[in-house]
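Please read the structure below before turning to the comments.
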Amino acid sequence: MPMSAGVPPRGDTGAFRPAGLVTLLTDFGLRDPFVGLMKAQVHARLPGARIVDLTHDLPPYRPAIAAFWLERARHWCPPGTVHVAVVDPGVGTSRRLLAAEAGGQAFLGPDNGLLGAVLAGGAARVWAIDPAGLGRFGLGTPSATFHGRDILAPLAAELAAGRAAAAHLGPVVTDWRPSAIPVPRPTADGLEGEILLVDRYGNAFTNLPAAVLGARPGPVALEVAGRRLPVVRTYGDAPPGTAVALANSFGVLEVAVVTGDAAAELGLRTGDPVRLGGA
Amino acid sequence: MPMSAGVPPRGDTGAFRPAGLVTLLTDFGLRDPFVGLMKAQVHARLPGARIVDLTHDLPPYRPAIAAFWLERARHWCPPGTVHVAVVDPGVGTSRRLLAAEAGGQAFLGPDNGLLGAVLAGGAARVWAIDPAGLGRFGLGTPSATFHGRDILAPLAAELAAGRAAAAHLGPVVTDWRPSAIPVPRPTADGLEGEILLVDRYGNAFTNLPAAVLGARPGPVALEVAGRRLPVVRTYGDAPPGTAVALANSFGVLEVAVVTGDAAAELGLRTGDPVRLGGA
Amino acid sequence: MPMSAGVPPRGDTGAFRPAGLVTLLTDFGLRDPFVGLMKAQVHARLPGARIVDLTHDLPPYRPAIAAFWLERARHWCPPGTVHVAVVDPGVGTSRRLLAAEAGGQAFLGPDNGLLGAVLAGGAARVWAIDPAGLGRFGLGTPSATFHGRDILAPLAAELAAGRAAAAHLGPVVTDWRPSAIPVPRPTADGLEGEILLVDRYGNAFTNLPAAVLGARPGPVALEVAGRRLPVVRTYGDAPPGTAVALANSFGVLEVAVVTGDAAAELGLRTGDPVRLGGA
């Protein structure tokens, strides 16, 4: 089966060269002005910055889903992007803040696994942000509970402007926290994993890489919630209401109901087991 | 009754001249990074682009409401705007993608009625985007399920930058799909139509054009949900809690409850019949 | 107890010098294109404007919460910012629109208390926008129900571009409407107030200023919902599930449950009484 499975368009692995572009990925929601004030703090230091919201609706207190999205999303962002990621229940405690460079982009966020999937690539360089050095950037005493606004947004502006380098923010770190994204396990005739997240349409992303489909000789099916689903190429390849599996645009297998809501109709939740095997 | 009924401020019907401004109108929601990655793809090709979210909370699978908003919204956007509209349950199938120019602006979206209300104006020029020609713009093989990110956002950047013209994207099309916005029907003493959509405040937009009020000699009333509502000029013209009809800021009649939620309080839903007649 | 309680980083009190930056604070929600069309109208007049959404999810018809956020948020926005605030149930009636300058920034919004907390500072200058003078800015007849799009966004662009000054928009006003933010009352051993708002995490902001903690000699506790809560420095200072009070990053005391949802778990709502006293 020919698959066009969300292959990232870029493979830039060069050095970070700032491009004035900052992305934000948080669990802050949009009900309160938290995100807006991070943006105001970026513009205060880099008036011409472009700021892209990746999402602010991540589930609070669960860095694994954020880690997945950050690792996937970065591939469609241009070289020189500065990514700021904040899902940070440990704010104000002794947890570290990290700065990193990987694939020609820079990353800022707490050391709680949020950056783990990006850093796992191997070519990343990672530093711990030294709180004692923040005065150099004109940063006053941060609040105890909003480091996104008080530390990370201003530093993102400094990196995006090219006035500071991640390497100057603190000492090199090699013991950063890995992501908690669950890893699939091989089975006799395939792979088993779980539901990672449910998207806006009710499509359920699994942790099974789409690439596994290309490596198999025969037809396959995905077992989930007591059903065996056919693997199709796109939503329109089956009649409305059909439950299917497909390689989605982020390179993983997902469970969908054509023009429907798979999570609601099949009763799927994050953590539910899935199994790919012969059809 | 003097009416200031959402008259669009511009009537530009000249040629499209790119202005570096892109709007996005989708059903992608903001829970996932889908919209953010469309923006990242625009900035990757046109770093200085300005990007305006019209809305991302359109109901999935119902292009008629999107068609209404796109046709109305464009009138308050400057000449040279590139509009990207994606409500696209047919993604990855043989449905066409369209590029169009109308009223000095450009439009990109699937051929499923989404652009139909804009194109119905008469002066529009429409082309079908040729998938075989996308390589010219450095576009790789798109995913099967996310053409907003993989095709439309990059092309929007090319149009907004003036590096490509809609006319170069594929052959001229005249059989584009019309919008499914329902058309009002004349009655003995007025007009009958239906509820098109319910907005954030619970105000219910009808498909009855506000202009009909100016054409009538005497007082009028709107029948909806078994009630006859007075037509007022603005929300503050009746006491809190009163159900009223008025010409809204987008040029259609709407049903409102003063400082209340008309849809909830009157039990209104998309598709419910309304009738304008003598008071 | 050392406190880093959301001390604003800037104290600019100079004259307003436009910086091309506009913030938006409304109750428009993001379901409909209302906010997008305000932005399109800003870009139509100032193509290079940067626009920051503070929030659009304010509760409709309740200017007090908006007034609190606007007054707090401005401190993290750079000098020269133009703030547009719209929670405006009186749109289209005789209520006035105001323009103001305070702390090196400009403000536009209805005269319903929304700007009251900003203006209460003392050094503000305030003008009533003269509807008869809007023609000078090329503004046509506004709709009766959407002055954010038809008046305030275009004027914000004119102010942000430096083509108009607030002082030119109408006569000086001294009888602007104060905010309806409730004021705390002193008690025998502390201060009593109420829950102002609940944020995205379920944290409940009170109207008690965090500064009161620094002024007290001994340990303190916050009474709310029949409980006495310890006052901690940050969320991570108590075990998960613990209900605590702390000085938050906006300079007020808040009630939180560590990695939980205080409003849901303690049953808190806007207006509930709180009392700070000796522990």
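Order determines the names: the first chain of the structure tokens is A, the second B, and so forth; residues in each chain are numbered 1 upward, and ligands are numbered 1 upward as they are shown.
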Quick one: residues within 7 Å of Leu24 in chain B, only C-alpha atoms, excluding same-chain residues fewer than 6 positions away - as a ChimeraX atom specification?
/B:52-54,83-85
Could you write out as a ChimeraX atom specification the residues of chain C within 8 Å of chain B, counting only C-alpha atoms?
/C:28-37,39-41,43-44,47-48,60-61,89-93,140-146
Work out how far CA of Leu266 in chain C is from CA of Arg228 in chain C, in Å to one decimal.
11.8 Å
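Residues of range 138-180 of chain C carrying a DSSP assignment of helix (DSSP H, G or I), computed from the backbone, are C:His147, C:Gly148, C:Arg149, C:Asp150, C:Ile151, C:Leu152, C:Ala153, C:Pro154, C:Leu155, C:Ala156, C:Ala157, C:Glu158, C:Leu159, C:Ala160, C:Ala161, C:Ala166, C:Ala167, C:His168.
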May I have the residues from that selection written out with C-alpha atoms, as an mmCIF file, in the first residue's frame?
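Writing the result to part.cif gives the following:
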data_model
loop_
_atom_site.group_PDB
_atom_site.id
_atom_site.type_symbol
_atom_site.label_atom_id
_atom_site.label_comp_id
_atom_site.auth_asym_id
_atom_site.auth_seq_id
_atom_site.Cartn_x
_atom_site.Cartn_y
_atom_site.Cartn_z
ATOM 1 C CA HIS C 147 -18.242 48.859 17.539
ATOM 2 C CA GLY C 148 -15.137 46.774 18.246
ATOM 3 C CA ARG C 149 -14.780 46.118 14.540
ATOM 4 C CA ASP C 150 -16.277 49.329 13.197
ATOM 5 C CA ILE C 151 -14.823 51.980 15.531
ATOM 6 C CA LEU C 152 -12.300 50.734 18.097
ATOM 7 C CA ALA C 153 -10.091 48.537 15.898
ATOM 8 C CA PRO C 154 -9.639 51.230 13.228
ATOM 9 C CA LEU C 155 -8.931 53.852 15.896
ATOM 10 C CA ALA C 156 -6.450 51.512 17.603
ATOM 11 C CA ALA C 157 -4.580 51.272 14.305
ATOM 12 C CA GLU C 158 -4.549 55.069 13.994
ATOM 13 C CA LEU C 159 -3.181 55.435 17.539
ATOM 14 C CA ALA C 160 -0.662 52.602 17.105
ATOM 15 C CA ALA C 161 0.540 54.161 13.865
ATOM 16 C CA ALA C 166 -6.280 60.078 21.940
ATOM 17 C CA ALA C 167 -6.575 63.770 22.783
ATOM 18 C CA HIS C 168 -7.934 64.422 19.294
#
Check the DSSP output for the backbone and give back, as JSON, numbers by chain, the residues of range 56-143 of chain C in strand (DSSP E or B).
{"C": [82, 83, 84, 85, 86, 97, 98, 99, 100, 101, 102, 105, 106, 107, 108, 109, 110, 125, 126, 127, 128]}
Neighbours of range 179-189 of chain C within 10 Å (only C-alpha atoms; same-chain residues fewer than 6 positions away dropped), as a ChimeraX atom specification?
/C:62-68,111-120,195-196,206-209,216,220,271,274-278
Near-Val126 in chain C list (6 Å; only C-alpha atoms; drop same-chain fewer than 6 positions) as a ChimeraX atom specification:
/C:99-100,172-173
Limited to C-alpha atoms, could you put the picked residues into a file as a short mmCIF file (atom, residue, chain, number, x, y, z; two decimals), in the first residue's frame?
data_model
loop_
_atom_site.label_atom_id
_atom_site.label_comp_id
_atom_site.auth_asym_id
_atom_site.auth_seq_id
_atom_site.Cartn_x
_atom_site.Cartn_y
_atom_site.Cartn_z
CA ALA C 99 -9.91 56.86 24.86
CA ALA C 100 -7.30 57.17 27.59
CA VAL C 172 -11.80 65.51 28.11
CA VAL C 173 -13.82 63.38 30.54
#
